[in-house]
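Notes follow once the structure below has been shown.
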Amino acid sequence: MNWITNYVRPRINSLFSRREVPENLWIKCPECGQMLFHRELEQNLNVCTACDHHMAISPRDRFQALFDGGIFVEVDVPKPLEDPLKFRDQKRYPDRLKAAQKSTGEQDAMLVAEGEIGRTPIVAAAQDFSFMGGSMGMYVGNAIIAAAKRAVALKRPLVLFSAAGGARMQEGILSLMQMPRSTVAVDMVKEAGLPYIVVLTHPTTGGVTASYAMLGDVQISEPGALICFAGPRVIEQTIREKLPEGFQRAEYLLDHGMLDRVTHRKDLKNELVTILRILLGKSPAVRGDLPAPLAPASEDNPEPLAPEAQAE
C-alpha cells in the first residue's frame, strides 16, 4: 500500500499533470479586458489589437521601432550624485534606484539616442514611466542637456517623448531645479535654429508638463494620453465639481488648442519624418527607397547575396 501511495500514484500524476504556463505569455488590456498574446502585442507596438488602447512602451523598444532598421547610438549622460539629500522613507533612496535599475535594465528614467528616421538624422530622448514613475530627477535634467548639446553639435532636430508623474520627491529642490535647467537646454536648440518636437505619452504630469514637455515647436500626443499639471481627481476634490468627460486627455487638449496633433503610435514615425523635413526645408521623404535586405546564406552560396545577384 505504501509503495502504491508513495511511488506509483505520484509517478502517474506527473505523467498526466498539466504543464504550468508562464504568466507573462498573455497580457490583459487595462481598457477593454482583452487577453493579448505577448508576441502579437509587441508586434503591434504595445497597442491593444481589440480597442487600440496605447499601453506603455519602454524607450529602448520605442527607439527600435522609430529609427531606421532599429539602429541607434546611445548618447552618454553624466551621472549626478547618487543621494545628495540622504533621503529615506520606507527605503533608502539608493535602494530604490537599484531596484528600478534591476527591473528596467536602464540607468535612470530617460534614454538619449541618435540615429536616422526616414533618412532624416535626429537626436531623441524618451522617458521611462516604469522607472520610478518616470520622475524628473537630476539624471533626467542631465539627459535633456546632453541631448540638446548633441543636437546643437550635430545640427540635428531634437525629438522628446515625455512620460512622467512629475518631479522626484527623493531629490527635493534639486529635482525642481531641473525645470529651469531643461528650459535653458530647449532654448539652446531653438537658438541654433533647430526644430524641437515633443511627443506626449500617457501620462505626462506635474513639473514635466510645466517645463520641457510643453515647449515644443510642434506638440504631438498619443491617443488617450493624460496630460496635466494636477490630476483630475485632485481638481475635483479641490473645486468640488464634476469635470467634463475626457478632461485633460489628449483629444480634449487638441480640441482646446493645447496640442497640434494626436497620432496613433503606428503612424508616428511617418508623421515625425514629414514634420521634421518640412521644418528643415528638405524635400519630402521617398518611401521605400531603402536597399533591399540581403538574401540569407545557403550551402551553395555561403555569402549573402545582394539584390542584383538575386535577380540573376
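Convention: chains lettered A, B, ... in C-alpha cells order; per-chain residue numbering from 1; ligands numbered from 1 as shown.
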Output as a tab-separated table one row per residue of stretch 169-222 of chain A within 10 Å of stretch 52-74 of chain A: the closest atom pair and its distance in Å to one decimal place, counting only C-alpha atoms, sorted by chain and residue number ascending.
```
residue	atom	partner	partner_atom	distance
A:Thr201	CA	A:Ala56	CA	8.4
A:His202	CA	A:Ala56	CA	7.4
A:Pro203	CA	A:Ala56	CA	9.3
A:Glu222	CA	A:His54	CA	7.5
```
Output of the above residues as a tab-separated table (two decimals), in the first residue's frame, restricted to all heavy atoms:
```
chain	number	residue	atom	x	y	z
A	201	THR	N	3.19	61.26	-24.11
A	201	THR	CA	2.60	59.94	-23.96
A	201	THR	C	1.97	59.82	-22.59
A	201	THR	O	2.16	60.67	-21.72
A	201	THR	CB	3.65	58.83	-24.17
A	201	THR	OG1	4.58	58.83	-23.08
A	201	THR	CG2	4.41	59.04	-25.47
A	202	HIS	N	1.23	58.77	-22.38
A	202	HIS	CA	0.48	58.59	-21.13
A	202	HIS	C	1.37	58.03	-20.02
A	202	HIS	O	2.03	57.02	-20.22
A	202	HIS	CB	-0.68	57.62	-21.36
A	202	HIS	CG	-1.49	57.34	-20.13
A	202	HIS	ND1	-2.40	58.23	-19.63
A	202	HIS	CD2	-1.51	56.25	-19.31
A	202	HIS	CE1	-2.97	57.71	-18.54
A	202	HIS	NE2	-2.43	56.51	-18.33
A	203	PRO	N	1.38	58.68	-18.83
A	203	PRO	CA	0.86	60.02	-18.55
A	203	PRO	C	2.00	61.04	-18.56
A	203	PRO	O	3.15	60.69	-18.33
A	203	PRO	CB	0.31	59.85	-17.13
A	203	PRO	CG	1.27	58.86	-16.50
A	203	PRO	CD	1.75	57.95	-17.60
A	222	GLU	N	0.03	60.85	-28.18
A	222	GLU	CA	-0.60	59.58	-28.49
A	222	GLU	C	-2.04	59.60	-28.01
A	222	GLU	O	-2.37	60.31	-27.05
A	222	GLU	CB	0.18	58.43	-27.83
A	222	GLU	CG	1.56	58.22	-28.43
A	222	GLU	CD	2.28	57.03	-27.83
A	222	GLU	OE1	1.93	56.60	-26.70
A	222	GLU	OE2	3.21	56.53	-28.49
```
Residue list (helix (DSSP H, G or I), DSSP) for stretch 226-297 of chain A, as a ChimeraX atom specification: /A:232-239,250-255,265-279
Residues just named, written with N, CA and C atoms as a tab-separated table (two decimals), in the first residue's frame:
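Dumped to out_2.tsv:
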```tsv
chain	number	residue	atom	x	y	z
A	232	PRO	N	-6.98	65.09	-12.56
A	232	PRO	CA	-8.42	65.40	-12.47
A	232	PRO	C	-9.01	65.09	-11.10
A	233	ARG	N	-8.55	64.05	-10.45
A	233	ARG	CA	-9.09	63.72	-9.13
A	233	ARG	C	-8.78	64.80	-8.11
A	234	VAL	N	-7.56	65.34	-8.17
A	234	VAL	CA	-7.18	66.43	-7.26
A	234	VAL	C	-8.02	67.67	-7.52
A	235	ILE	N	-8.24	67.98	-8.80
A	235	ILE	CA	-9.02	69.17	-9.16
A	235	ILE	C	-10.47	69.02	-8.70
A	236	GLU	N	-11.05	67.83	-8.91
A	236	GLU	CA	-12.43	67.60	-8.47
A	236	GLU	C	-12.58	67.76	-6.96
A	237	GLN	N	-11.60	67.25	-6.21
A	237	GLN	CA	-11.67	67.37	-4.76
A	237	GLN	C	-11.47	68.82	-4.30
A	238	THR	N	-10.76	69.61	-5.11
A	238	THR	CA	-10.50	71.00	-4.74
A	238	THR	C	-11.69	71.90	-5.03
A	239	ILE	N	-12.22	71.81	-6.25
A	239	ILE	CA	-13.32	72.70	-6.65
A	239	ILE	C	-14.69	72.11	-6.35
A	250	ALA	N	-5.74	63.63	-24.25
A	250	ALA	CA	-5.14	64.20	-25.46
A	250	ALA	C	-6.18	64.81	-26.40
A	251	GLU	N	-7.28	64.10	-26.61
A	251	GLU	CA	-8.29	64.58	-27.55
A	251	GLU	C	-8.95	65.88	-27.04
A	252	TYR	N	-9.15	65.98	-25.74
A	252	TYR	CA	-9.73	67.20	-25.15
A	252	TYR	C	-8.77	68.38	-25.32
A	253	LEU	N	-7.48	68.13	-25.10
A	253	LEU	CA	-6.48	69.19	-25.24
A	253	LEU	C	-6.33	69.61	-26.70
A	254	LEU	N	-6.47	68.67	-27.62
A	254	LEU	CA	-6.41	69.00	-29.04
A	254	LEU	C	-7.57	69.93	-29.43
A	255	ASP	N	-8.76	69.63	-28.94
A	255	ASP	CA	-9.93	70.45	-29.24
A	255	ASP	C	-9.81	71.86	-28.64
A	265	ARG	N	0.29	55.42	-32.60
A	265	ARG	CA	1.70	55.05	-32.47
A	265	ARG	C	2.27	54.46	-33.76
A	266	LYS	N	1.48	53.69	-34.49
A	266	LYS	CA	1.99	53.07	-35.72
A	266	LYS	C	2.21	54.10	-36.83
A	267	ASP	N	1.55	55.26	-36.72
A	267	ASP	CA	1.71	56.32	-37.73
A	267	ASP	C	2.70	57.40	-37.30
A	268	LEU	N	3.24	57.25	-36.09
A	268	LEU	CA	4.04	58.34	-35.52
A	268	LEU	C	5.34	58.58	-36.27
A	269	LYS	N	6.00	57.52	-36.70
A	269	LYS	CA	7.28	57.69	-37.39
A	269	LYS	C	7.10	58.50	-38.67
A	270	ASN	N	6.13	58.12	-39.51
A	270	ASN	CA	5.89	58.85	-40.76
A	270	ASN	C	5.49	60.30	-40.49
A	271	GLU	N	4.71	60.50	-39.42
A	271	GLU	CA	4.29	61.86	-39.06
A	271	GLU	C	5.50	62.71	-38.69
A	272	LEU	N	6.40	62.13	-37.88
A	272	LEU	CA	7.59	62.87	-37.46
A	272	LEU	C	8.50	63.17	-38.65
A	273	VAL	N	8.66	62.21	-39.54
A	273	VAL	CA	9.51	62.42	-40.72
A	273	VAL	C	8.97	63.57	-41.57
A	274	THR	N	7.66	63.57	-41.80
A	274	THR	CA	7.04	64.63	-42.61
A	274	THR	C	7.23	66.00	-41.96
A	275	ILE	N	6.95	66.10	-40.67
A	275	ILE	CA	7.05	67.39	-39.97
A	275	ILE	C	8.49	67.87	-39.92
A	276	LEU	N	9.41	66.97	-39.61
A	276	LEU	CA	10.82	67.37	-39.50
A	276	LEU	C	11.36	67.87	-40.83
A	277	ARG	N	11.03	67.18	-41.91
A	277	ARG	CA	11.56	67.58	-43.21
A	277	ARG	C	10.95	68.91	-43.67
A	278	ILE	N	9.72	69.18	-43.27
A	278	ILE	CA	9.12	70.48	-43.57
A	278	ILE	C	9.85	71.58	-42.80
A	279	LEU	N	10.08	71.35	-41.50
A	279	LEU	CA	10.74	72.36	-40.67
A	279	LEU	C	12.19	72.57	-41.07
```
Coordinates-based distance that separates atom CA of A:Ile27 from atom CA of A:Val262 (Å, one decimal):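 The value is 25.4 Å.
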Spatial neighbours of stretch 37-44 of chain A, max dist 6 Å, only C-alpha atoms, sep filter under 3 positions, as an NGL selection string: :A and (25-26 or 47)
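Note that atom CA of A:Pro121 and atom CA of A:Ser283 are 14.1 Å apart.
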Selected residue, from A:Pro157, A:Pro195, A:Pro80, A:Pro223, that lies nearest to A:Gly246 when counting only C-alpha atoms: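 Smallest separation from A:Gly246 among the options: A:Pro223.
Interatomic distance, atom CA of A:Cys32 against atom CA of A:Cys51: 6.6 Å.
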Test item: residues at most 7 Å from A:Ser162, only C-alpha atoms, excluding those fewer than 3 positions along its chain, as a list of chain:residue names: A:Ala126, A:Gln127, A:Val199, A:Leu200, A:Thr201, A:Thr204, A:Ala213
Output of the above residues as an mmCIF file, in the first residue's frame, restricted to N, CA, C and O atoms:
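The file below, again08.cif, is the result:
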```
data_model
loop_
_atom_site.group_PDB
_atom_site.id
_atom_site.type_symbol
_atom_site.label_atom_id
_atom_site.label_comp_id
_atom_site.auth_asym_id
_atom_site.auth_seq_id
_atom_site.Cartn_x
_atom_site.Cartn_y
_atom_site.Cartn_z
ATOM 1 N N ALA A 126 13.753 59.840 -24.556
ATOM 2 C CA ALA A 126 12.471 59.254 -24.162
ATOM 3 C C ALA A 126 12.494 58.894 -22.687
ATOM 4 O O ALA A 126 13.480 58.362 -22.181
ATOM 5 N N GLN A 127 11.385 59.193 -22.012
ATOM 6 C CA GLN A 127 11.256 58.870 -20.597
ATOM 7 C C GLN A 127 10.638 57.497 -20.415
ATOM 8 O O GLN A 127 9.826 57.053 -21.233
ATOM 9 N N VAL A 199 6.605 64.651 -28.128
ATOM 10 C CA VAL A 199 5.537 63.663 -28.235
ATOM 11 C C VAL A 199 5.125 63.308 -26.812
ATOM 12 O O VAL A 199 5.898 62.695 -26.074
ATOM 13 N N LEU A 200 3.938 63.707 -26.419
ATOM 14 C CA LEU A 200 3.461 63.466 -25.065
ATOM 15 C C LEU A 200 2.755 62.118 -25.012
ATOM 16 O O LEU A 200 1.829 61.854 -25.795
ATOM 17 N N THR A 201 3.192 61.257 -24.106
ATOM 18 C CA THR A 201 2.599 59.936 -23.963
ATOM 19 C C THR A 201 1.968 59.819 -22.588
ATOM 20 O O THR A 201 2.155 60.667 -21.720
ATOM 21 N N THR A 204 1.699 62.286 -18.814
ATOM 22 C CA THR A 204 2.671 63.375 -18.686
ATOM 23 C C THR A 204 2.075 64.401 -17.734
ATOM 24 O O THR A 204 1.107 65.080 -18.075
ATOM 25 N N ALA A 213 8.068 69.644 -21.523
ATOM 26 C CA ALA A 213 7.064 68.902 -22.287
ATOM 27 C C ALA A 213 6.093 69.801 -23.024
ATOM 28 O O ALA A 213 5.382 69.345 -23.920
#
```
Excluding same-chain residues fewer than 2 positions from A:Asp76, what lies within 9 Å of it counting only C-alpha atoms, as an mmCIF file with N, CA and C atoms, in the first residue's frame?
```
data_model
loop_
_atom_site.group_PDB
_atom_site.id
_atom_site.type_symbol
_atom_site.label_atom_id
_atom_site.label_comp_id
_atom_site.auth_asym_id
_atom_site.auth_seq_id
_atom_site.Cartn_x
_atom_site.Cartn_y
_atom_site.Cartn_z
ATOM 1 N N GLU A 74 23.460 55.243 -28.476
ATOM 2 C CA GLU A 74 23.125 55.933 -27.228
ATOM 3 C C GLU A 74 24.077 57.102 -26.982
ATOM 4 N N PRO A 78 25.908 62.394 -18.223
ATOM 5 C CA PRO A 78 26.697 62.485 -16.978
ATOM 6 C C PRO A 78 25.883 62.017 -15.777
ATOM 7 N N VAL A 112 18.707 58.607 -24.077
ATOM 8 C CA VAL A 112 19.017 59.539 -25.167
ATOM 9 C C VAL A 112 19.757 58.781 -26.259
ATOM 10 N N ALA A 113 19.366 59.010 -27.507
ATOM 11 C CA ALA A 113 19.985 58.298 -28.628
ATOM 12 C C ALA A 113 20.005 59.183 -29.857
ATOM 13 N N ALA A 143 20.193 64.430 -18.798
ATOM 14 C CA ALA A 143 19.911 63.768 -20.072
ATOM 15 C C ALA A 143 19.375 64.763 -21.107
ATOM 16 N N ALA A 146 22.271 66.915 -22.204
ATOM 17 C CA ALA A 146 23.145 66.142 -23.097
ATOM 18 C C ALA A 146 22.521 66.001 -24.478
#
```
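Between A:Tyr212 and the residues A:Thr263, A:Ser182, A:Ser175, A:Gln107, the shortest atom-to-atom distance, using only C-alpha atoms, involves A:Ser182.
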